[in-house]
Structures are given as C-alpha cells and as structure tokens.
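Coordinates from target_7.pdb are shown below (PDB, C-alpha atoms and all ligand atoms).
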```pdb
ATOM      1  CA  MET S   1      14.896 -25.283  15.731  1.00  0.00           C
ATOM      2  CA  GLY S   2      14.420 -25.761  19.487  1.00  0.00           C
ATOM      3  CA  GLY S   3      11.070 -25.358  21.229  1.00  0.00           C
ATOM      4  CA  HIS S   4       9.285 -22.132  22.160  1.00  0.00           C
ATOM      5  CA  PHE S   5       5.926 -23.489  23.180  1.00  0.00           C
ATOM      6  CA  PRO S   6       4.496 -20.277  24.713  1.00  0.00           C
ATOM      7  CA  GLU S   7       5.385 -18.250  21.631  1.00  0.00           C
ATOM      8  CA  THR S   8       3.849 -20.690  19.135  1.00  0.00           C
ATOM      9  CA  LEU S   9       0.719 -20.771  21.311  1.00  0.00           C
ATOM     10  CA  SER S  10       0.308 -17.032  20.811  1.00  0.00           C
ATOM     11  CA  GLY S  11       0.674 -17.462  17.042  1.00  0.00           C
ATOM     12  CA  SER S  12       4.151 -16.006  16.640  1.00  0.00           C
ATOM     13  CA  VAL S  13       7.779 -17.002  17.042  1.00  0.00           C
ATOM     14  CA  VAL S  14      10.601 -14.551  17.753  1.00  0.00           C
ATOM     15  CA  HIS S  15      14.302 -15.099  17.125  1.00  0.00           C
ATOM     16  CA  ASP S  16      17.507 -13.134  17.512  1.00  0.00           C
ATOM     17  CA  LEU S  17      19.631 -13.281  14.364  1.00  0.00           C
ATOM     18  CA  PRO S  18      23.129 -12.298  15.500  1.00  0.00           C
ATOM     19  CA  ASP S  19      24.659 -12.551  12.025  1.00  0.00           C
ATOM     20  CA  GLU S  20      23.841 -13.141   8.368  1.00  0.00           C
ATOM     21  CA  ALA S  21      24.477 -16.895   8.705  1.00  0.00           C
ATOM     22  CA  SER S  22      21.689 -17.203  11.271  1.00  0.00           C
ATOM     23  CA  THR S  23      19.302 -15.409   8.916  1.00  0.00           C
ATOM     24  CA  GLY S  24      20.391 -17.908   6.249  1.00  0.00           C
ATOM     25  CA  ARG S  25      19.715 -20.882   8.509  1.00  0.00           C
ATOM     26  CA  LEU S  26      16.234 -19.632   9.333  1.00  0.00           C
ATOM     27  CA  ALA S  27      15.486 -19.048   5.633  1.00  0.00           C
ATOM     28  CA  ALA S  28      16.669 -22.600   4.869  1.00  0.00           C
ATOM     29  CA  ALA S  29      14.362 -23.950   7.592  1.00  0.00           C
ATOM     30  CA  VAL S  30      11.445 -22.062   6.016  1.00  0.00           C
ATOM     31  CA  ALA S  31      12.439 -23.429   2.577  1.00  0.00           C
ATOM     32  CA  ARG S  32      12.286 -27.010   3.876  1.00  0.00           C
ATOM     33  CA  LEU S  33       8.677 -26.411   4.998  1.00  0.00           C
ATOM     34  CA  ALA S  34       7.531 -24.523   1.890  1.00  0.00           C
ATOM     35  CA  ARG S  35       5.130 -26.032  -0.617  1.00  0.00           C
ATOM     36  CA  VAL S  36       3.292 -25.024  -3.755  1.00  0.00           C
ATOM     37  CA  GLY S  37       0.676 -22.344  -3.018  1.00  0.00           C
ATOM     38  CA  ASP S  38       2.663 -20.726  -0.198  1.00  0.00           C
ATOM     39  CA  ALA S  39       3.233 -16.998   0.198  1.00  0.00           C
ATOM     40  CA  ILE S  40       6.104 -15.721   2.346  1.00  0.00           C
ATOM     41  CA  LEU S  41       5.812 -12.018   3.127  1.00  0.00           C
ATOM     42  CA  LEU S  42       9.064 -10.254   4.068  1.00  0.00           C
ATOM     43  CA  GLU S  43       8.478  -7.146   6.179  1.00  0.00           C
ATOM     44  CA  GLY S  44      11.040  -4.718   7.517  1.00  0.00           C
ATOM     45  CA  PRO S  45      12.921  -1.513   6.683  1.00  0.00           C
ATOM     46  CA  LEU S  46      15.646  -1.058   4.076  1.00  0.00           C
ATOM     47  CA  GLY S  47      18.687  -3.128   5.015  1.00  0.00           C
ATOM     48  CA  ALA S  48      16.818  -5.366   7.449  1.00  0.00           C
ATOM     49  CA  GLY S  49      17.727  -8.470   5.441  1.00  0.00           C
ATOM     50  CA  LYS S  50      14.655  -9.217   3.280  1.00  0.00           C
ATOM     51  CA  THR S  51      16.676  -9.901   0.128  1.00  0.00           C
ATOM     52  CA  THR S  52      19.303 -11.782   2.139  1.00  0.00           C
ATOM     53  CA  PHE S  53      16.525 -14.004   3.520  1.00  0.00           C
ATOM     54  CA  ALA S  54      15.008 -14.539   0.043  1.00  0.00           C
ATOM     55  CA  ARG S  55      18.441 -15.420  -1.416  1.00  0.00           C
ATOM     56  CA  ALA S  56      19.117 -18.018   1.291  1.00  0.00           C
ATOM     57  CA  PHE S  57      15.576 -19.389   0.899  1.00  0.00           C
ATOM     58  CA  LEU S  58      16.007 -19.820  -2.871  1.00  0.00           C
ATOM     59  CA  ARG S  59      19.466 -21.413  -2.576  1.00  0.00           C
ATOM     60  CA  ALA S  60      18.178 -23.887   0.000  1.00  0.00           C
ATOM     61  CA  PHE S  61      14.916 -24.565  -1.826  1.00  0.00           C
ATOM     62  CA  PHE S  62      16.701 -25.412  -5.092  1.00  0.00           C
ATOM     63  CA  GLY S  63      19.698 -27.022  -3.389  1.00  0.00           C
ATOM     64  CA  ASP S  64      22.090 -24.682  -5.206  1.00  0.00           C
ATOM     65  CA  PRO S  65      24.361 -22.650  -2.914  1.00  0.00           C
ATOM     66  CA  LEU S  66      25.689 -20.660  -5.899  1.00  0.00           C
ATOM     67  CA  LEU S  67      22.289 -19.674  -7.313  1.00  0.00           C
ATOM     68  CA  GLU S  68      22.414 -16.023  -8.454  1.00  0.00           C
ATOM     69  CA  VAL S  69      19.677 -14.076  -6.667  1.00  0.00           C
ATOM     70  CA  PRO S  70      19.772 -10.400  -7.637  1.00  0.00           C
ATOM     71  CA  SER S  71      17.525  -7.989  -5.761  1.00  0.00           C
ATOM     72  CA  PRO S  72      14.365  -7.420  -7.836  1.00  0.00           C
ATOM     73  CA  THR S  73      14.405  -3.716  -6.892  1.00  0.00           C
ATOM     74  CA  PHE S  74      14.125  -2.595 -10.544  1.00  0.00           C
ATOM     75  CA  THR S  75      12.684  -5.662 -12.299  1.00  0.00           C
ATOM     76  CA  LEU S  76      10.039  -5.955  -9.499  1.00  0.00           C
ATOM     77  CA  VAL S  77      10.005  -9.737  -9.905  1.00  0.00           C
ATOM     78  CA  GLN S  78      12.495 -12.537 -10.581  1.00  0.00           C
ATOM     79  CA  THR S  79      11.397 -16.098 -11.305  1.00  0.00           C
ATOM     80  CA  TYR S  80      13.217 -19.285 -10.330  1.00  0.00           C
ATOM     81  CA  GLY S  81      12.660 -22.956 -11.119  1.00  0.00           C
ATOM     82  CA  GLY S  82       9.898 -24.259 -13.360  1.00  0.00           C
ATOM     83  CA  LEU S  83      10.422 -26.945 -16.058  1.00  0.00           C
ATOM     84  CA  GLY S  84       9.754 -29.884 -13.780  1.00  0.00           C
ATOM     85  CA  GLN S  85      10.682 -28.042 -10.575  1.00  0.00           C
ATOM     86  CA  ALA S  86       8.423 -25.879  -8.432  1.00  0.00           C
ATOM     87  CA  ARG S  87       8.402 -22.242  -9.520  1.00  0.00           C
ATOM     88  CA  VAL S  88       9.250 -19.508  -7.020  1.00  0.00           C
ATOM     89  CA  TYR S  89       8.553 -15.810  -7.651  1.00  0.00           C
ATOM     90  CA  HIS S  90      10.603 -13.218  -5.744  1.00  0.00           C
ATOM     91  CA  PHE S  91       8.846  -9.830  -5.742  1.00  0.00           C
ATOM     92  CA  ASP S  92      10.153  -6.485  -4.498  1.00  0.00           C
ATOM     93  CA  LEU S  93       7.173  -4.137  -4.495  1.00  0.00           C
ATOM     94  CA  TRP S  94       8.939  -0.971  -3.245  1.00  0.00           C
ATOM     95  CA  ARG S  95       8.524   0.675  -6.681  1.00  0.00           C
ATOM     96  CA  ILE S  96       5.163  -0.828  -7.685  1.00  0.00           C
ATOM     97  CA  GLU S  97       2.694   1.742  -9.031  1.00  0.00           C
ATOM     98  CA  GLY S  98      -0.514   0.319  -7.541  1.00  0.00           C
ATOM     99  CA  PRO S  99      -2.929  -2.604  -7.757  1.00  0.00           C
ATOM    100  CA  THR S 100      -3.236  -2.523 -11.560  1.00  0.00           C
ATOM    101  CA  ALA S 101       0.522  -2.809 -11.990  1.00  0.00           C
ATOM    102  CA  LEU S 102       0.502  -5.685  -9.534  1.00  0.00           C
ATOM    103  CA  VAL S 103      -2.087  -7.579 -11.559  1.00  0.00           C
ATOM    104  CA  GLU S 104      -0.176  -6.844 -14.806  1.00  0.00           C
ATOM    105  CA  LEU S 105       2.959  -8.217 -13.159  1.00  0.00           C
ATOM    106  CA  GLY S 106       1.131 -11.535 -12.754  1.00  0.00           C
ATOM    107  CA  PHE S 107       0.888 -11.503  -8.982  1.00  0.00           C
ATOM    108  CA  GLU S 108      -2.414 -13.400  -8.790  1.00  0.00           C
ATOM    109  CA  GLU S 109      -1.199 -16.201 -11.072  1.00  0.00           C
ATOM    110  CA  ALA S 110       2.020 -16.434  -9.095  1.00  0.00           C
ATOM    111  CA  LEU S 111       0.007 -17.260  -5.972  1.00  0.00           C
ATOM    112  CA  GLY S 112      -0.566 -20.697  -7.547  1.00  0.00           C
ATOM    113  CA  ASP S 113       3.185 -21.331  -7.194  1.00  0.00           C
ATOM    114  CA  ILE S 114       5.384 -20.039  -4.340  1.00  0.00           C
ATOM    115  CA  VAL S 115       5.862 -16.308  -3.764  1.00  0.00           C
ATOM    116  CA  LEU S 116       8.376 -14.365  -1.697  1.00  0.00           C
ATOM    117  CA  VAL S 117       7.330 -10.715  -1.321  1.00  0.00           C
ATOM    118  CA  GLU S 118       9.411  -7.774  -0.116  1.00  0.00           C
ATOM    119  CA  TRP S 119       7.326  -4.702   0.906  1.00  0.00           C
ATOM    120  CA  PRO S 120       4.068  -6.717   1.158  1.00  0.00           C
ATOM    121  CA  ASP S 121       2.203  -3.661   2.537  1.00  0.00           C
ATOM    122  CA  ARG S 122       1.987  -2.649  -1.159  1.00  0.00           C
ATOM    123  CA  LEU S 123      -0.293  -5.649  -1.808  1.00  0.00           C
ATOM    124  CA  GLY S 124      -3.368  -4.007  -0.297  1.00  0.00           C
ATOM    125  CA  GLU S 125      -6.381  -6.220  -0.935  1.00  0.00           C
ATOM    126  CA  LEU S 126      -4.253  -8.750  -2.801  1.00  0.00           C
ATOM    127  CA  ARG S 127      -2.388  -9.611   0.388  1.00  0.00           C
ATOM    128  CA  PRO S 128      -2.856 -13.374   0.851  1.00  0.00           C
ATOM    129  CA  GLU S 129      -4.461 -14.367   4.135  1.00  0.00           C
ATOM    130  CA  ARG S 130      -2.754 -17.678   4.670  1.00  0.00           C
ATOM    131  CA  ALA S 131       0.821 -16.447   4.380  1.00  0.00           C
ATOM    132  CA  LEU S 132       3.903 -16.757   6.555  1.00  0.00           C
ATOM    133  CA  THR S 133       4.867 -13.226   7.574  1.00  0.00           C
ATOM    134  CA  VAL S 134       8.555 -12.753   8.355  1.00  0.00           C
ATOM    135  CA  SER S 135       9.107  -9.375  10.051  1.00  0.00           C
ATOM    136  CA  LEU S 136      12.774  -8.410  10.220  1.00  0.00           C
ATOM    137  CA  SER S 137      14.024  -5.503  12.276  1.00  0.00           C
ATOM    138  CA  LEU S 138      17.425  -3.873  12.617  1.00  0.00           C
ATOM    139  CA  ALA S 139      19.426  -4.112  15.812  1.00  0.00           C
ATOM    140  CA  GLU S 140      23.006  -3.097  16.691  1.00  0.00           C
ATOM    141  CA  GLY S 141      25.643  -3.917  14.063  1.00  0.00           C
ATOM    142  CA  ASP S 142      24.861  -7.150  12.250  1.00  0.00           C
ATOM    143  CA  ARG S 143      22.137  -8.180  14.677  1.00  0.00           C
ATOM    144  CA  ARG S 144      18.579  -8.535  13.479  1.00  0.00           C
ATOM    145  CA  ARG S 145      15.351  -9.581  15.153  1.00  0.00           C
ATOM    146  CA  VAL S 146      12.688 -11.602  13.418  1.00  0.00           C
ATOM    147  CA  MET S 147       9.060 -12.327  14.203  1.00  0.00           C
ATOM    148  CA  LEU S 148       7.314 -15.134  12.330  1.00  0.00           C
ATOM    149  CA  GLU S 149       3.501 -15.215  12.113  1.00  0.00           C
ATOM    150  CA  GLY S 150       1.117 -17.475  10.216  1.00  0.00           C
ATOM    151  CA  TRP S 151       1.426 -21.093   9.095  1.00  0.00           C
ATOM    152  CA  PRO S 152      -0.451 -22.421  12.160  1.00  0.00           C
ATOM    153  CA  ASP S 153       0.195 -25.977  10.945  1.00  0.00           C
ATOM    154  CA  ARG S 154       3.973 -25.469  10.638  1.00  0.00           C
ATOM    155  CA  LEU S 155       5.018 -22.539  12.839  1.00  0.00           C
ATOM    156  CA  GLU S 156       6.038 -24.826  15.670  1.00  0.00           C
ATOM    157  CA  GLU S 157       8.800 -26.224  13.458  1.00  0.00           C
ATOM    158  CA  LEU S 158      10.318 -22.744  13.198  1.00  0.00           C
ATOM    159  CA  ALA S 159      10.379 -22.114  16.949  1.00  0.00           C
TER
HETATM  160  P1  LIG R   1      16.608  -5.489   2.485  1.00  0.00           P
HETATM  161  O1  LIG R   1      16.257  -6.378   1.322  1.00  0.00           O
HETATM  162  O2  LIG R   1      15.745  -5.728   3.694  1.00  0.00           O
HETATM  163  O3  LIG R   1      16.687  -4.042   2.131  1.00  0.00           O
HETATM  164  P2  LIG R   1      19.249  -6.680   2.242  1.00  0.00           P
HETATM  165  O4  LIG R   1      19.100  -8.143   2.488  1.00  0.00           O
HETATM  166  O5  LIG R   1      19.396  -6.215   0.839  1.00  0.00           O
HETATM  167  O6  LIG R   1      18.070  -5.901   2.988  1.00  0.00           O
HETATM  168  O7  LIG R   1      20.498  -6.130   3.033  1.00  0.00           O
HETATM  169  C1  LIG R   1      20.802  -6.520   4.332  1.00  0.00           C
HETATM  170  C2  LIG R   1      22.256  -6.196   4.553  1.00  0.00           C
HETATM  171  O8  LIG R   1      22.580  -6.437   5.909  1.00  0.00           O
HETATM  172  C3  LIG R   1      23.179  -7.069   3.714  1.00  0.00           C
HETATM  173  O9  LIG R   1      24.282  -6.275   3.316  1.00  0.00           O
HETATM  174  C4  LIG R   1      23.618  -8.156   4.702  1.00  0.00           C
HETATM  175  O10 LIG R   1      24.895  -8.648   4.377  1.00  0.00           O
HETATM  176  C5  LIG R   1      23.646  -7.366   6.003  1.00  0.00           C
HETATM  177  N1  LIG R   1      23.444  -8.145   7.217  1.00  0.00           N
HETATM  178  C6  LIG R   1      24.216  -8.061   8.314  1.00  0.00           C
HETATM  179  N2  LIG R   1      23.779  -8.830   9.295  1.00  0.00           N
HETATM  180  C7  LIG R   1      22.675  -9.454   8.845  1.00  0.00           C
HETATM  181  C8  LIG R   1      21.764 -10.372   9.435  1.00  0.00           C
HETATM  182  N3  LIG R   1      21.872 -10.786  10.704  1.00  0.00           N
HETATM  183  N4  LIG R   1      20.739 -10.808   8.666  1.00  0.00           N
HETATM  184  C9  LIG R   1      20.588 -10.347   7.407  1.00  0.00           C
HETATM  185  N5  LIG R   1      21.413  -9.474   6.797  1.00  0.00           N
HETATM  186  C10 LIG R   1      22.456  -9.020   7.508  1.00  0.00           C
HETATM  187 MG    MG R   2      15.584  -5.982  -0.628  1.00  0.00          MG
END
```
What is this structure when it is put down as structure tokens?
Amino acid sequence: MGGHFPETLSGSVVHDLPDEASTGRLAAAVARLARVGDAILLEGPLGAGKTTFARAFLRAFFGDPLLEVPSPTFTLVQTYGGLGQARVYHFDLWRIEGPTALVELGFEEALGDIVLVEWPDRLGELRPERALTVSLSLAEGDRRRVMLEGWPDRLEELA
C-alpha cells in the first residue's frame, strides 16, 4: 500500500480512511500478512470501526465475502475457522469483568491461534507485547483515521 518510509522508521503508519471500503481494504491487507500466533488489538471509541475492521479482516482471511461476523458485544468472543484452517478469535472486552473472567474465557489459549481484540485496554497484564495495534479514530462523517503500531517485520507492507 504505497510507501511511507519516514513513518515506518518511527514505528508507526498513519492512514486516512475516507469511507468504510478503505477500512475494509486495510483490514484485508492486514489479513494477508497475519499468521498463527498473531494478536491484532483494535483501539478506538464506540463507532470508530473496530468491528467493521474485524469483519473485513475475517472475510478476507477466510476468503468468504459473505461470512457472518456479528459483534461479540454480548458473547465477548466469537470463533472462526478451525478444522484444518487457522482459528481466529474475535474478542470484544467492553463488558469483561476483570482478569479472571478473561482467563476463563480462554484468552491465553487463544493467543496460540490468531486473536482480534476490541477494547484491548481491558487486557491489563495479559496484553501481548508483540501485537499489531490498530488505533481508529472518528473524523467528520464517514472519515476515520488509523494509526498502526507494532509488527516491525511487516509494518512497512501496511504503509
Ligand atoms: P466499533 O466496533 O468501533 O464500535 P463499528 O464497526 O461497530 O464500530 O461501527 C462503525 C460504524 O461506522 C459502522 O456503522 C460503519 O458502517 C460506519 N462507518 C462509516 N465510515 C466508516 C469507515 N471509514 N470505517 C469504518 N466504519 C465506518
Ligand atoms: Mg465493536
């Protein structure tokens, strides 16, 4: 996705996302780079596009544009794939009750597969160090801004 050498040098990449389709394209680019053991942390306020990003990631990752991806607001986690495919866990931790609940939900085991996490500030000490952090922020109308941090070996490919 183009070259932003100075930004990747400083360890982050910033993009304007003028519409939902551009958020989808970025999520698909992240999906192409994702591998087992990865954690993708989705930061940003309500309505910023965290679930929209996760949905586009999952559809691209599994090559299924019709894949149903409900928001895990109430279930806290939804699982995709497995049975011969990679497994991807989509967490929404807004309503999580604390670290014990997180462990009971199987968060640590899930780190052996691929995890997408909305509201990752809830992870506390369980926050993985080697994650890609995707920070979405609201701008006018449908516009969003995104800052990507982490994945020093791959960030350049998202610039
Ligand atoms: P969150 O999970 O961060 O609360 P959602 O993804 O559920 O946010 O909601 C984002 C809303 O904003 C959706 O209704 C989506 O259609 C809309 N939207 C508009 N423009 C964009 C954009 N550029 N990127 C992502 N979502 C967008
Ligand atoms: Mg959400």
Given a cut-off of 6 Å, what residues near ligand MG 2 (chain R) show up using all atoms listed in the file, put as a short mmCIF file (atom, residue, chain, number, x, y, z; two decimals) with C-alpha atoms, in the frame of the given file?
```
data_model
loop_
_atom_site.label_atom_id
_atom_site.label_comp_id
_atom_site.auth_asym_id
_atom_site.auth_seq_id
_atom_site.Cartn_x
_atom_site.Cartn_y
_atom_site.Cartn_z
CA LYS S 50 14.66 -9.22 3.28
CA THR S 51 16.68 -9.90 0.13
CA SER S 71 17.52 -7.99 -5.76
#
```
Output the residue selection produced by the PyMOL selection byres (((chain S and resi 54-63) around 9) and not hetatm) on the file above, formatted as a PDB file with C-alpha atoms, keeping the file's coordinate frame.
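Output below, filename result-v1.pdb:
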```
ATOM      1  CA  THR S  23      19.302 -15.409   8.916  1.00  0.00           C
ATOM      2  CA  GLY S  24      20.391 -17.908   6.249  1.00  0.00           C
ATOM      3  CA  ARG S  25      19.715 -20.882   8.509  1.00  0.00           C
ATOM      4  CA  LEU S  26      16.234 -19.632   9.333  1.00  0.00           C
ATOM      5  CA  ALA S  27      15.486 -19.048   5.633  1.00  0.00           C
ATOM      6  CA  ALA S  28      16.669 -22.600   4.869  1.00  0.00           C
ATOM      7  CA  ALA S  29      14.362 -23.950   7.592  1.00  0.00           C
ATOM      8  CA  VAL S  30      11.445 -22.062   6.016  1.00  0.00           C
ATOM      9  CA  ALA S  31      12.439 -23.429   2.577  1.00  0.00           C
ATOM     10  CA  ARG S  32      12.286 -27.010   3.876  1.00  0.00           C
ATOM     11  CA  ALA S  34       7.531 -24.523   1.890  1.00  0.00           C
ATOM     12  CA  LEU S  42       9.064 -10.254   4.068  1.00  0.00           C
ATOM     13  CA  GLY S  49      17.727  -8.470   5.441  1.00  0.00           C
ATOM     14  CA  LYS S  50      14.655  -9.217   3.280  1.00  0.00           C
ATOM     15  CA  THR S  51      16.676  -9.901   0.128  1.00  0.00           C
ATOM     16  CA  THR S  52      19.303 -11.782   2.139  1.00  0.00           C
ATOM     17  CA  PHE S  53      16.525 -14.004   3.520  1.00  0.00           C
ATOM     18  CA  ASP S  64      22.090 -24.682  -5.206  1.00  0.00           C
ATOM     19  CA  PRO S  65      24.361 -22.650  -2.914  1.00  0.00           C
ATOM     20  CA  LEU S  66      25.689 -20.660  -5.899  1.00  0.00           C
ATOM     21  CA  LEU S  67      22.289 -19.674  -7.313  1.00  0.00           C
ATOM     22  CA  GLU S  68      22.414 -16.023  -8.454  1.00  0.00           C
ATOM     23  CA  VAL S  69      19.677 -14.076  -6.667  1.00  0.00           C
ATOM     24  CA  PRO S  70      19.772 -10.400  -7.637  1.00  0.00           C
ATOM     25  CA  SER S  71      17.525  -7.989  -5.761  1.00  0.00           C
ATOM     26  CA  TYR S  80      13.217 -19.285 -10.330  1.00  0.00           C
ATOM     27  CA  GLY S  81      12.660 -22.956 -11.119  1.00  0.00           C
ATOM     28  CA  GLN S  85      10.682 -28.042 -10.575  1.00  0.00           C
ATOM     29  CA  ALA S  86       8.423 -25.879  -8.432  1.00  0.00           C
ATOM     30  CA  VAL S  88       9.250 -19.508  -7.020  1.00  0.00           C
ATOM     31  CA  HIS S  90      10.603 -13.218  -5.744  1.00  0.00           C
ATOM     32  CA  LEU S 116       8.376 -14.365  -1.697  1.00  0.00           C
ATOM     33  CA  VAL S 117       7.330 -10.715  -1.321  1.00  0.00           C
ATOM     34  CA  GLU S 118       9.411  -7.774  -0.116  1.00  0.00           C
TER      35      GLU S 118
END
```
What does the PyMOL selection byres (((not hetatm)) within 7 of (chain R and resi 1)) select in this file, as a VMD selection string?
chain S and resid 17 to 23 44 to 53 142 to 144
Answer key for the PyMOL selection byres (((chain S and resi 110) around 12) and not hetatm), residues as a PDB file with C-alpha atoms, keeping the file's coordinate frame:
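This is the output file out-v1.pdb:
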```pdb
ATOM      1  CA  VAL S  36       3.292 -25.024  -3.755  1.00  0.00           C
ATOM      2  CA  GLY S  37       0.676 -22.344  -3.018  1.00  0.00           C
ATOM      3  CA  ASP S  38       2.663 -20.726  -0.198  1.00  0.00           C
ATOM      4  CA  ALA S  39       3.233 -16.998   0.198  1.00  0.00           C
ATOM      5  CA  VAL S  77      10.005  -9.737  -9.905  1.00  0.00           C
ATOM      6  CA  GLN S  78      12.495 -12.537 -10.581  1.00  0.00           C
ATOM      7  CA  THR S  79      11.397 -16.098 -11.305  1.00  0.00           C
ATOM      8  CA  TYR S  80      13.217 -19.285 -10.330  1.00  0.00           C
ATOM      9  CA  GLY S  82       9.898 -24.259 -13.360  1.00  0.00           C
ATOM     10  CA  ALA S  86       8.423 -25.879  -8.432  1.00  0.00           C
ATOM     11  CA  ARG S  87       8.402 -22.242  -9.520  1.00  0.00           C
ATOM     12  CA  VAL S  88       9.250 -19.508  -7.020  1.00  0.00           C
ATOM     13  CA  TYR S  89       8.553 -15.810  -7.651  1.00  0.00           C
ATOM     14  CA  HIS S  90      10.603 -13.218  -5.744  1.00  0.00           C
ATOM     15  CA  PHE S  91       8.846  -9.830  -5.742  1.00  0.00           C
ATOM     16  CA  LEU S 102       0.502  -5.685  -9.534  1.00  0.00           C
ATOM     17  CA  VAL S 103      -2.087  -7.579 -11.559  1.00  0.00           C
ATOM     18  CA  GLU S 104      -0.176  -6.844 -14.806  1.00  0.00           C
ATOM     19  CA  LEU S 105       2.959  -8.217 -13.159  1.00  0.00           C
ATOM     20  CA  GLY S 106       1.131 -11.535 -12.754  1.00  0.00           C
ATOM     21  CA  PHE S 107       0.888 -11.503  -8.982  1.00  0.00           C
ATOM     22  CA  GLU S 108      -2.414 -13.400  -8.790  1.00  0.00           C
ATOM     23  CA  GLU S 109      -1.199 -16.201 -11.072  1.00  0.00           C
ATOM     24  CA  LEU S 111       0.007 -17.260  -5.972  1.00  0.00           C
ATOM     25  CA  GLY S 112      -0.566 -20.697  -7.547  1.00  0.00           C
ATOM     26  CA  ASP S 113       3.185 -21.331  -7.194  1.00  0.00           C
ATOM     27  CA  ILE S 114       5.384 -20.039  -4.340  1.00  0.00           C
ATOM     28  CA  VAL S 115       5.862 -16.308  -3.764  1.00  0.00           C
ATOM     29  CA  LEU S 116       8.376 -14.365  -1.697  1.00  0.00           C
ATOM     30  CA  VAL S 117       7.330 -10.715  -1.321  1.00  0.00           C
ATOM     31  CA  LEU S 126      -4.253  -8.750  -2.801  1.00  0.00           C
ATOM     32  CA  PRO S 128      -2.856 -13.374   0.851  1.00  0.00           C
TER      33      PRO S 128
END
```
Please compute the CA of Leu33 (chain S)-CA of Asp92 (chain S) distance, one decimal, in Å.
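CA of Leu33 (chain S) sits 22.1 Å away from CA of Asp92 (chain S).
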Which residues are near Leu148 (chain S)? Cut-off 8 Å, all atoms listed in the file, ignore same chain within fewer than 4 positions. Put them as a VMD selection string.
chain S and resid 12 to 14 132 to 135 155
Using C-alpha atoms, can you export the residues from the last selection as an mmCIF file, in the coordinates of the input?
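See part.cif below for the written result:
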```cif
data_model
loop_
_atom_site.group_PDB
_atom_site.id
_atom_site.type_symbol
_atom_site.label_atom_id
_atom_site.label_comp_id
_atom_site.auth_asym_id
_atom_site.auth_seq_id
_atom_site.Cartn_x
_atom_site.Cartn_y
_atom_site.Cartn_z
ATOM 1 C CA SER S 12 4.151 -16.006 16.640
ATOM 2 C CA VAL S 13 7.779 -17.002 17.042
ATOM 3 C CA VAL S 14 10.601 -14.551 17.753
ATOM 4 C CA LEU S 132 3.903 -16.757 6.555
ATOM 5 C CA THR S 133 4.867 -13.226 7.574
ATOM 6 C CA VAL S 134 8.555 -12.753 8.355
ATOM 7 C CA SER S 135 9.107 -9.375 10.051
ATOM 8 C CA LEU S 155 5.018 -22.539 12.839
#
```
Coordinates of box centre and edge lengths for region 31-38 of chain S, 4 Å on every side, axis-aligned, as JSON:
```
{"center_x": 6.6, "center_y": -23.9, "center_z": 0.6, "size_x": 19.8, "size_y": 14.3, "size_z": 16.8}
```
Using all atoms listed in the file, can you tell me which of S:Gly11, S:Glu43, S:Trp151, S:Thr100 comes closest to Glu125 (chain S)?
S:Thr100
For a test of reading the model, state the distance in Å between CA of Ala159 (chain S) and CA of Leu136 (chain S), rounded to one decimal.
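Separation of CA of Ala159 (chain S) and CA of Leu136 (chain S): 15.5 Å.
Atom pair CA of Leu158 (chain S) / CA of Gly141 (chain S) has a distance of 24.3 Å (rounded to one decimal).
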Counting all atoms listed in the file, figure out which residue out of S:Trp94, S:Leu138, S:Val146, S:Gly84 gets nearest to Arg122 (chain S).
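So, comparing all the options, the nearest one is S:Trp94.
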